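Undergrad: Below is input.txt; it holds compact mmCIF, C-alpha atoms.
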```txt
# COMPACT_ATOMS: atom_id res chain seq x y z
CA MET A 101 -65.80 -23.19 -20.85
CA LYS A 102 -68.72 -20.84 -21.13
CA PRO A 103 -67.95 -18.00 -23.56
CA ALA A 104 -67.71 -14.63 -21.85
CA VAL A 105 -69.48 -12.98 -24.73
CA ASN A 106 -72.81 -14.33 -25.88
CA ASN A 107 -73.66 -12.41 -28.93
CA THR A 108 -77.33 -12.46 -29.75
CA GLU A 109 -77.95 -10.25 -32.70
CA ASN A 110 -81.73 -10.10 -32.75
CA ASN A 111 -82.16 -8.09 -35.88
CA LEU A 112 -80.29 -5.54 -37.92
CA ASN A 113 -80.46 -2.76 -35.36
CA LYS A 114 -80.67 -4.41 -31.95
CA TYR A 115 -77.84 -6.33 -30.37
CA SER A 116 -77.25 -7.83 -26.95
CA PHE A 117 -74.01 -8.96 -25.34
CA ASN A 118 -73.23 -10.61 -22.02
CA ILE A 119 -70.20 -9.72 -19.94
CA GLU A 120 -68.75 -11.83 -17.15
CA GLY A 121 -67.55 -10.01 -14.04
CA GLY A 122 -63.90 -10.45 -13.08
CA ASN A 123 -62.84 -11.71 -16.50
CA PHE A 124 -60.14 -9.19 -17.45
CA ASN A 125 -58.92 -11.47 -20.24
CA ASP A 126 -61.93 -10.66 -22.39
CA ALA A 127 -62.33 -7.03 -21.28
CA GLY A 128 -62.89 -4.86 -24.33
CA THR A 129 -64.26 -7.63 -26.55
CA VAL A 130 -67.83 -6.32 -26.51
CA SER A 131 -66.71 -2.74 -27.18
CA THR A 132 -64.60 -3.89 -30.12
CA ARG A 133 -67.58 -5.80 -31.53
CA ILE A 134 -69.88 -2.79 -31.09
CA LYS A 135 -67.37 -0.48 -32.73
CA SER A 136 -67.11 -2.81 -35.68
CA ILE A 137 -70.93 -2.99 -36.03
CA LEU A 138 -71.21 0.82 -35.99
CA LYS A 139 -68.38 1.19 -38.51
CA GLN A 140 -70.02 -1.31 -40.82
CA LYS A 141 -73.19 0.76 -40.69
CA GLY A 142 -71.19 3.70 -42.00
CA LEU A 143 -71.82 5.97 -39.01
CA PRO A 144 -69.66 9.11 -38.66
CA ASN A 145 -66.21 8.57 -37.13
CA ASP A 146 -66.93 10.83 -34.17
CA VAL A 147 -70.09 8.83 -33.32
CA VAL A 148 -68.20 5.54 -33.57
CA ARG A 149 -65.31 6.90 -31.48
CA ARG A 150 -67.55 8.21 -28.70
CA SER A 151 -69.66 5.03 -28.66
CA ALA A 152 -66.50 2.92 -28.32
CA ILE A 153 -65.23 5.03 -25.41
CA VAL A 154 -68.47 4.93 -23.40
CA CYS A 155 -68.96 1.25 -24.13
CA TYR A 156 -65.43 0.38 -23.09
CA GLU A 157 -65.73 2.24 -19.79
CA ALA A 158 -69.04 0.53 -19.00
CA GLU A 159 -67.59 -2.84 -19.93
CA ILE A 160 -64.55 -2.31 -17.67
CA ASN A 161 -66.85 -1.33 -14.80
CA ILE A 162 -68.72 -4.64 -15.11
CA VAL A 163 -65.49 -6.64 -15.29
CA SER A 164 -64.02 -4.72 -12.34
CA TYR A 165 -66.97 -4.63 -9.97
CA ALA A 166 -70.01 -6.66 -11.01
CA ARG A 167 -70.85 -10.38 -11.11
CA LYS A 168 -72.20 -10.12 -14.63
CA GLY A 169 -73.86 -7.70 -16.97
CA THR A 170 -75.59 -7.16 -20.28
CA VAL A 171 -74.99 -4.55 -22.95
CA ASN A 172 -77.91 -3.74 -25.23
CA LEU A 173 -77.17 -1.74 -28.34
CA THR A 174 -79.92 -0.12 -30.38
CA VAL A 175 -79.20 1.81 -33.54
CA THR A 176 -81.86 4.12 -34.91
CA THR A 177 -81.67 6.78 -37.60
CA GLU A 178 -81.25 9.47 -34.94
CA ALA A 179 -79.10 7.90 -32.27
CA ILE A 180 -77.06 5.06 -30.82
CA GLU A 181 -78.52 3.82 -27.55
CA ILE A 182 -76.29 1.75 -25.29
CA GLU A 183 -77.93 0.25 -22.22
CA VAL A 184 -75.71 -1.50 -19.69
CA ILE A 185 -77.29 -3.46 -16.84
CA ASP A 186 -75.27 -5.28 -14.23
CA GLU A 187 -75.81 -7.49 -11.21
CA GLY A 188 -73.35 -6.31 -8.62
CA PRO A 189 -72.65 -4.26 -5.52
CA GLY A 190 -74.36 -1.12 -6.81
CA ILE A 191 -73.23 2.45 -6.15
CA PRO A 192 -74.25 4.02 -2.79
CA ASP A 193 -73.47 7.62 -3.81
CA ILE A 194 -73.84 8.23 -7.54
CA LYS A 195 -72.91 11.91 -7.32
CA GLN A 196 -69.60 11.01 -5.71
CA ALA A 197 -68.97 8.19 -8.18
CA MET A 198 -69.42 10.63 -11.07
CA GLU A 199 -66.61 12.87 -9.82
CA GLN A 200 -63.40 12.61 -11.78
CA GLY A 201 -60.76 10.82 -9.70
CA TYR A 202 -63.15 9.09 -7.30
CA SER A 203 -62.77 5.31 -7.39
CA THR A 204 -63.38 2.32 -5.15
CA ALA A 205 -61.02 0.12 -7.19
CA ASN A 206 -58.67 -2.18 -5.31
CA GLN A 207 -54.89 -2.16 -5.71
CA GLN A 208 -54.87 -4.98 -8.26
CA ILE A 209 -57.28 -3.11 -10.56
CA ARG A 210 -55.29 0.12 -10.18
CA GLU A 211 -51.99 -1.57 -10.98
CA MET A 212 -53.45 -2.63 -14.30
CA GLY A 213 -54.11 1.00 -15.13
CA PHE A 214 -57.85 0.86 -14.42
CA GLY A 215 -59.68 2.44 -11.50
CA ALA A 216 -58.44 5.97 -12.02
CA GLY A 217 -61.89 7.39 -11.34
CA MET A 218 -62.39 8.36 -14.97
CA GLY A 219 -64.92 5.78 -16.12
CA LEU A 220 -68.30 7.31 -15.30
CA TYR A 221 -66.84 10.78 -15.85
CA ASN A 222 -65.77 9.80 -19.38
CA ILE A 223 -69.11 8.17 -20.07
CA ASN A 224 -70.88 11.39 -19.08
CA THR A 225 -68.48 13.52 -21.15
CA TYR A 226 -68.73 11.50 -24.34
CA SER A 227 -72.49 10.77 -24.29
CA ASP A 228 -75.10 13.23 -25.47
CA ARG A 229 -77.35 11.90 -22.75
CA PHE A 230 -76.42 9.74 -19.80
CA ASP A 231 -78.78 8.22 -17.23
CA ILE A 232 -77.62 6.13 -14.31
CA SER A 233 -79.52 4.34 -11.57
CA SER A 234 -78.25 1.97 -8.95
CA GLU A 235 -79.39 -0.11 -6.05
CA VAL A 236 -76.90 -1.25 -3.42
CA ASN A 237 -76.37 -5.04 -3.42
CA LYS A 238 -78.49 -5.37 -6.58
CA GLY A 239 -76.76 -3.62 -9.43
CA THR A 240 -76.36 -0.61 -11.65
CA SER A 241 -78.05 0.42 -14.90
CA LEU A 242 -76.63 2.89 -17.37
CA LYS A 243 -78.21 4.33 -20.48
CA MET A 244 -76.14 6.32 -22.91
CA ILE A 245 -77.42 8.11 -25.99
CA ILE A 246 -75.12 9.28 -28.74
CA LYS A 247 -76.84 11.27 -31.44
CA THR A 248 -75.94 10.41 -34.99
CA SER A 249 -77.04 13.77 -36.42
CA GLN A 250 -74.66 16.66 -37.03
CA LEU A 251 -75.71 18.29 -33.76
CA THR A 252 -73.38 16.19 -31.62
CA LYS A 253 -71.81 17.42 -28.44
CA ASP A 254 -68.45 19.10 -28.99
CA THR A 255 -65.83 17.03 -27.19
CA MET B 84 -44.37 -3.35 -38.60
CA LYS B 85 -46.00 -1.84 -41.61
CA ASN B 86 -48.60 0.37 -39.95
CA ASN B 87 -48.36 4.07 -40.65
CA VAL B 88 -47.74 6.09 -37.47
CA THR B 89 -49.59 9.39 -37.62
CA GLY B 90 -49.25 10.47 -33.99
CA GLY B 91 -48.42 9.27 -30.54
CA TYR B 92 -49.77 9.00 -27.03
CA THR B 93 -47.99 8.26 -23.77
CA GLY B 94 -49.84 6.92 -20.76
CA ASP B 95 -50.42 4.09 -18.32
CA LEU B 96 -53.95 4.99 -17.22
CA LEU B 97 -56.14 3.03 -19.57
CA SER B 98 -59.17 5.33 -19.36
CA ASP B 99 -56.97 8.28 -20.23
CA VAL B 100 -55.50 6.48 -23.25
CA MET B 101 -58.97 5.32 -24.26
CA ALA B 102 -60.39 8.85 -24.12
CA ASN B 103 -57.51 10.87 -25.52
CA SER B 104 -55.44 8.81 -27.95
CA HIS B 105 -56.26 8.61 -31.65
CA GLU B 106 -56.32 6.15 -34.51
CA GLY B 107 -52.82 5.77 -35.99
CA ASP B 108 -51.07 6.73 -32.75
CA ILE B 109 -48.10 4.81 -31.47
CA TRP B 110 -48.89 4.14 -27.80
CA ILE B 111 -46.03 4.43 -25.34
CA THR B 112 -46.66 2.67 -22.03
CA ARG B 113 -45.18 0.46 -19.36
CA GLN B 114 -48.32 -1.61 -18.87
CA VAL B 115 -47.61 -5.14 -20.06
CA HIS B 116 -50.88 -7.04 -19.47
CA GLN B 117 -53.12 -8.15 -22.30
CA ASN B 118 -55.67 -5.36 -21.92
CA ILE B 119 -53.26 -3.04 -23.72
CA VAL B 120 -53.93 -5.06 -26.87
CA ALA B 121 -57.68 -4.60 -26.41
CA ILE B 122 -57.21 -0.83 -26.14
CA ALA B 123 -54.83 -0.67 -29.11
CA THR B 124 -57.27 -2.72 -31.20
CA LEU B 125 -60.26 -0.64 -30.18
CA LYS B 126 -58.45 2.66 -30.79
CA GLU B 127 -56.77 1.36 -33.97
CA HIS B 128 -53.33 2.36 -32.76
CA ALA B 129 -50.39 1.82 -35.11
CA GLY B 130 -48.66 -0.15 -32.36
CA ILE B 131 -47.46 -0.22 -28.77
CA ILE B 132 -43.99 0.53 -27.44
CA LEU B 133 -43.11 -0.76 -23.98
CA VAL B 134 -40.58 1.44 -22.18
CA ASN B 135 -37.73 0.69 -19.76
CA SER B 136 -37.14 -2.71 -21.42
CA CYS B 137 -40.45 -4.05 -20.05
CA GLU B 138 -41.43 -7.39 -21.59
CA PRO B 139 -45.04 -8.09 -22.54
CA ALA B 140 -46.81 -10.84 -20.59
CA LYS B 141 -47.12 -14.14 -22.48
CA ASP B 142 -50.86 -13.77 -23.06
CA THR B 143 -50.29 -10.18 -24.19
CA LEU B 144 -48.02 -11.41 -26.99
CA GLU B 145 -50.47 -14.13 -27.97
CA ARG B 146 -53.29 -11.60 -28.15
CA ALA B 147 -51.13 -9.13 -30.08
CA ILE B 148 -50.31 -11.75 -32.72
CA GLN B 149 -53.99 -12.68 -32.96
CA GLU B 150 -55.06 -9.04 -33.36
CA ASN B 151 -52.09 -7.95 -35.51
CA VAL B 152 -50.96 -5.30 -33.04
CA PRO B 153 -47.19 -4.69 -33.21
CA ILE B 154 -45.51 -4.52 -29.78
CA LEU B 155 -42.00 -3.07 -29.59
CA ILE B 156 -39.69 -2.93 -26.59
CA CYS B 157 -37.47 0.06 -25.93
CA THR B 158 -34.75 0.50 -23.32
CA LEU B 159 -35.49 4.20 -22.90
CA PRO B 160 -37.84 5.61 -20.26
CA ALA B 161 -41.16 7.05 -21.48
CA PHE B 162 -40.03 10.69 -21.29
CA GLU B 163 -37.04 10.24 -23.60
CA LEU B 164 -38.78 7.95 -26.05
CA THR B 165 -41.77 10.27 -26.29
CA GLY B 166 -39.44 13.20 -27.04
CA LYS B 167 -37.62 11.32 -29.77
CA ILE B 168 -40.81 10.14 -31.47
CA TYR B 169 -42.39 13.55 -31.14
CA ASN B 170 -39.41 15.09 -32.93
CA LEU B 171 -39.50 12.46 -35.67
CA LEU B 172 -43.21 12.98 -36.27
CA SER B 173 -42.88 16.78 -36.20
CA ALA B 174 -40.02 16.66 -38.72
CA ALA B 175 -42.06 14.41 -41.00
CA LYS B 176 -44.99 16.84 -41.15
```
Here is a file; write its structure as structure tokens.
TA:
Amino acid sequence: MKPAVNNTENNLNKYSFNIEGGNFNDAGTVSTRIKSILKQKGLPNDVVRRSAIVCYEAEINIVSYARKGTVNLTVTTEAIEIEVIDEGPGIPDIKQAMEQGYSTANQQIREMGFGAGMGLYNINTYSDRFDISSEVNKGTSLKMIIKTSQLTKDT
Amino acid sequence: MKNNVTGGYTGDLLSDVMANSHEGDIWITRQVHQNIVAIATLKEHAGIILVNSCEPAKDTLERAIQENVPILICTLPAFELTGKIYNLLSAAK
């Protein structure tokens, strides 16, 4: 069986992970790995915590909606950059999707406790900068920046 | 279960638990599928308590053993269990 997570760690500060859509069994694996990398680098707890939250939400979105996706993590002295690119249905109305409580999740996803319409909202709340672009029937790209300096957003 | 419980969080919406619970919390839920272990691992919870005598799914238990996440089962509903644990934690402070 093909592993759901292909971990290519290019160099010390750039990492790339693949996520398979629909595979709820491995959901959270990439976020756990990223959290562990950031902890090992000795980053502040708040930075690690916020990175884990935004990464988890993005990972769950891929598993819930997309065919597949990639998470690229870049760590610099100033910030954590998490780029998440998926191949999937895309989002027709991004403004609506960003609203807390709005979700297109099916019943099965909701019964598991996902699809509460909090994912993109949480990503926006816990990132210092959040960019999203999407094309219907192609996919969605997210870019989250979490600053590692003291001047982090008060959450 | 040897983990130190420093707080608690009650919830079945995984995004809510992800955003608002803390390291060292005991997580009270009635979700039984294996993603609860992923959340508890990621958030470094002290453990999970399933309410209303809910049993964890087989793969949830396997994952919990693998990740060293204690899962307890309680007969009480979430409201009562949360109250009891809240009182215990408050008294211990």
Undergrad: Which residues, written as an MDAnalysis selection string, have at least one atom at most 10 Å from stretch 105-114 of chain B, with only C-alpha atoms counted and residues fewer than 2 positions away on the same chain left out?
TA: (chainID A and resid 149 211:213) or (chainID B and resid 86:97 100:103 116:119 122:140 153:157 160:162 164:165 168)
Undergrad: Name the residues in contact with A:Asp228 at a cut-off of 7 Å, using only C-alpha atoms, excluding same-chain residues fewer than 2 positions from it; report them as a list in words.
TA: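 The contact residues come out as Tyr226, Phe230, Ile245, Ile246, Lys247 and Lys253 of chain A.
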Undergrad: Starting from chain A, keep only residues with some atom at most 12 Å from an atom of chain B, counting only C-alpha atoms, and report them as a PyMOL selection string.
TA: chain A and resi 123-136+139+145-146+148-161+163+200-201+209-226+255
Undergrad: Could you please determine the separation between atom CA of B:Ser104 and atom CA of A:Tyr165 in Å, to one decimal place?
TA: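 Between these atoms lies a distance of 25.2 Å.
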Undergrad: If you measure from atom CA of A:Gly121 to atom CA of A:Val184, what distance in Å do you get, rounded to one decimal?
TA: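 Between atom CA of A:Gly121 and atom CA of A:Val184 the gap works out to 13.1 Å.
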Undergrad: For the atom pair atom CA of A:Thr204 and atom CA of A:Ile182, what is the interatomic distance in Å to one decimal place?
TA: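 The value is 23.9 Å.
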Undergrad: Neighbouring residues of A:Val175 were defined as those with any atom within 9 Å, considering all atoms listed in the file; residues of the same chain fewer than 4 positions away were excluded. Please report them as JSON, numbers by chain.
TA: {"A": [112, 113, 114, 115, 138, 179, 180, 181, 182]}
